[in-house]
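The structure under discussion appears below in the form of structure tokens.
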Amino acid sequence: MYGNRHIENVALVGFMGTGKSTVGRRLAQMLEFLLVDADHMIERAAGKPITEIFEKDGELRFREYEFEILESIQKMKNTVISTGGGFVVPPQNMELLKQNCLVVCLWASPEKIWSRVAHQSHRPLLRTSDPMETIRELLNKRKESYCRADVMIHTDFRLIKEVAQQACHHFQAARRIQEKA
Ligand code: S3P
């Protein structure tokens, strides 16, 4: 089932506002793993915040950074990696992530996403005249990419703790399958 993969980490993927950072923190505690945020890695590499990368260098440069940090991710062990909402849109990013991570996608409805992000201003892609419509369109466009994750967890009606527990359970099951193989 997991072929030549070496599942040593959990990567949380999914749209903005699905709870990747919050769930990531809880999951890292449960597994006693390190927590790493892909956006923070990029900000460190670029020496500027994400909003500034988008403004000054453009989205394409930001996407290159996302690809570039995969090299460090591939060296990680016992780590929960929380990724940005567009991280696994390029199929090759998903494939590289899968080499040493169980990829868990957090899913939420556009309404729930909007309710979680409406009061925040640090997401350049949602600075549009109709952010709710942007969420719908982007989510629809990315759905297929998110569905390539190993596991999909719907977060609308679940507590953070429950989502983290589910992810934890899937990771432990994947590890057991690998150990037996
Ligand atoms: C993005 C999501 C953001 C951040 C950047 C682009 C996206 O991360 O990486 O603004 O393309 O959906 P979060 O998903 O953590 O908000």
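Each chain in the structure tokens gets a letter, A, B and so on, in the order shown; residues start at 1 in every chain, and ligands are counted from 1 in the order they appear.
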
Enumerate, in order of chain and increasing residue number, the residues of chain A with an atom no farther than 7 Å from ligand 1, each with its shortest atom pair and distance in Å to one decimal, counting only C-alpha atoms and all ligand atoms, as a tab-separated table.
```
residue	atom	partner	partner_atom_place_in_ligand_line	distance
A:Gly14	CA	ligand 1	14 (O)	6.8
A:Phe15	CA	ligand 1	14 (O)	5.4
A:Met16	CA	ligand 1	14 (O)	3.5
A:Gly17	CA	ligand 1	16 (O)	6.1
A:Lys20	CA	ligand 1	15 (O)	6.9
A:Asp39	CA	ligand 1	9 (O)	5.6
A:Ile50	CA	ligand 1	10 (O)	6.4
A:Thr83	CA	ligand 1	15 (O)	6.3
A:Gly84	CA	ligand 1	8 (O)	3.5
A:Gly85	CA	ligand 1	12 (O)	3.3
A:Gly86	CA	ligand 1	11 (O)	3.7
A:Phe87	CA	ligand 1	11 (O)	6.9
A:Arg123	CA	ligand 1	10 (O)	4.6
A:Pro124	CA	ligand 1	10 (O)	5.5
A:Leu125	CA	ligand 1	10 (O)	6.1
```

With a cut-off of 10 Å, could you pull out the residues of stretch 56-103 of chain A touching stretch 23-27 of chain A and give me the nearest pair of atoms for each, distance in Å to one decimal, using only C-alpha atoms, ordered by chain and ascending number, as a Markdown table?
```
| residue | atom | partner | partner_atom | distance |
| --- | --- | --- | --- | --- |
| A:Thr79 | CA | A:Gly24 | CA | 9.8 |
| A:Val80 | CA | A:Gly24 | CA | 6.4 |
| A:Ile81 | CA | A:Gly24 | CA | 7.3 |
| A:Ser82 | CA | A:Gly24 | CA | 6.2 |
| A:Thr83 | CA | A:Gly24 | CA | 9.8 |
```

Run DSSP on the backbone and tell me which residues of stretch 60-168 of chain A come out as alpha helix (DSSP H); list them as a PDB file with C-alpha atoms, in the first residue's frame.
```pdb
ATOM      1  CA  LEU A  60       5.236  32.392  -8.995  1.00  0.00           C
ATOM      2  CA  ARG A  61       8.345  33.061  -6.895  1.00  0.00           C
ATOM      3  CA  PHE A  62       6.406  31.997  -3.794  1.00  0.00           C
ATOM      4  CA  ARG A  63       5.500  28.696  -5.527  1.00  0.00           C
ATOM      5  CA  GLU A  64       9.200  28.169  -6.332  1.00  0.00           C
ATOM      6  CA  TYR A  65      10.012  28.596  -2.642  1.00  0.00           C
ATOM      7  CA  GLU A  66       7.402  25.950  -1.844  1.00  0.00           C
ATOM      8  CA  PHE A  67       9.167  23.534  -4.187  1.00  0.00           C
ATOM      9  CA  GLU A  68      12.619  24.467  -2.859  1.00  0.00           C
ATOM     10  CA  LEU A  70      10.833  20.136  -0.151  1.00  0.00           C
ATOM     11  CA  GLU A  71      14.537  19.300  -0.127  1.00  0.00           C
ATOM     12  CA  SER A  72      14.740  20.029   3.641  1.00  0.00           C
ATOM     13  CA  ILE A  73      11.400  18.319   4.276  1.00  0.00           C
ATOM     14  CA  PRO A  91       1.397  16.989  -8.460  1.00  0.00           C
ATOM     15  CA  GLN A  92       5.168  16.662  -8.090  1.00  0.00           C
ATOM     16  CA  ASN A  93       5.044  18.421  -4.693  1.00  0.00           C
ATOM     17  CA  MET A  94       2.472  15.886  -3.508  1.00  0.00           C
ATOM     18  CA  GLU A  95       4.609  12.998  -4.757  1.00  0.00           C
ATOM     19  CA  LEU A  96       7.780  14.316  -3.088  1.00  0.00           C
ATOM     20  CA  LEU A  97       5.919  14.931   0.171  1.00  0.00           C
ATOM     21  CA  LYS A  98       4.565  11.388   0.099  1.00  0.00           C
ATOM     22  CA  GLN A  99       8.060   9.904   0.035  1.00  0.00           C
ATOM     23  CA  ASN A 100       8.555  10.383   3.765  1.00  0.00           C
ATOM     24  CA  PRO A 110     -16.407  27.280   1.880  1.00  0.00           C
ATOM     25  CA  GLU A 111     -18.797  28.715   4.510  1.00  0.00           C
ATOM     26  CA  LYS A 112     -16.768  27.270   7.380  1.00  0.00           C
ATOM     27  CA  ILE A 113     -13.496  28.425   5.817  1.00  0.00           C
ATOM     28  CA  TRP A 114     -14.868  31.951   5.427  1.00  0.00           C
ATOM     29  CA  SER A 115     -16.068  31.990   9.045  1.00  0.00           C
ATOM     30  CA  ARG A 116     -12.554  31.057  10.158  1.00  0.00           C
ATOM     31  CA  VAL A 117     -10.566  33.470   7.978  1.00  0.00           C
ATOM     32  CA  PRO A 131     -13.379  36.660  -0.892  1.00  0.00           C
ATOM     33  CA  MET A 132     -16.219  34.158  -0.388  1.00  0.00           C
ATOM     34  CA  GLU A 133     -16.475  33.642  -4.146  1.00  0.00           C
ATOM     35  CA  THR A 134     -12.674  33.388  -4.374  1.00  0.00           C
ATOM     36  CA  ILE A 135     -12.746  30.644  -1.748  1.00  0.00           C
ATOM     37  CA  ARG A 136     -15.405  28.715  -3.692  1.00  0.00           C
ATOM     38  CA  GLU A 137     -13.515  29.014  -6.986  1.00  0.00           C
ATOM     39  CA  LEU A 138     -10.087  28.137  -5.574  1.00  0.00           C
ATOM     40  CA  LEU A 139     -11.420  25.250  -3.520  1.00  0.00           C
ATOM     41  CA  ASN A 140     -13.163  23.848  -6.558  1.00  0.00           C
ATOM     42  CA  LYS A 141     -10.016  24.201  -8.670  1.00  0.00           C
ATOM     43  CA  ARG A 142      -7.859  22.512  -6.026  1.00  0.00           C
ATOM     44  CA  LYS A 143     -10.253  19.753  -4.998  1.00  0.00           C
ATOM     45  CA  GLU A 144      -8.658  17.204  -7.283  1.00  0.00           C
ATOM     46  CA  SER A 145      -5.167  17.908  -5.905  1.00  0.00           C
ATOM     47  CA  TYR A 146      -6.332  17.635  -2.288  1.00  0.00           C
ATOM     48  CA  ILE A 160      -9.531  20.225  16.903  1.00  0.00           C
ATOM     49  CA  LYS A 161      -8.779  17.426  19.318  1.00  0.00           C
ATOM     50  CA  GLU A 162     -10.905  14.955  17.326  1.00  0.00           C
ATOM     51  CA  VAL A 163      -9.273  15.886  14.027  1.00  0.00           C
ATOM     52  CA  ALA A 164      -5.817  15.489  15.592  1.00  0.00           C
ATOM     53  CA  GLN A 165      -6.825  12.123  17.064  1.00  0.00           C
ATOM     54  CA  GLN A 166      -7.986  10.878  13.681  1.00  0.00           C
ATOM     55  CA  ALA A 167      -4.792  11.996  11.990  1.00  0.00           C
ATOM     56  CA  CYS A 168      -2.785  10.357  14.786  1.00  0.00           C
TER      57      CYS A 168
END
```
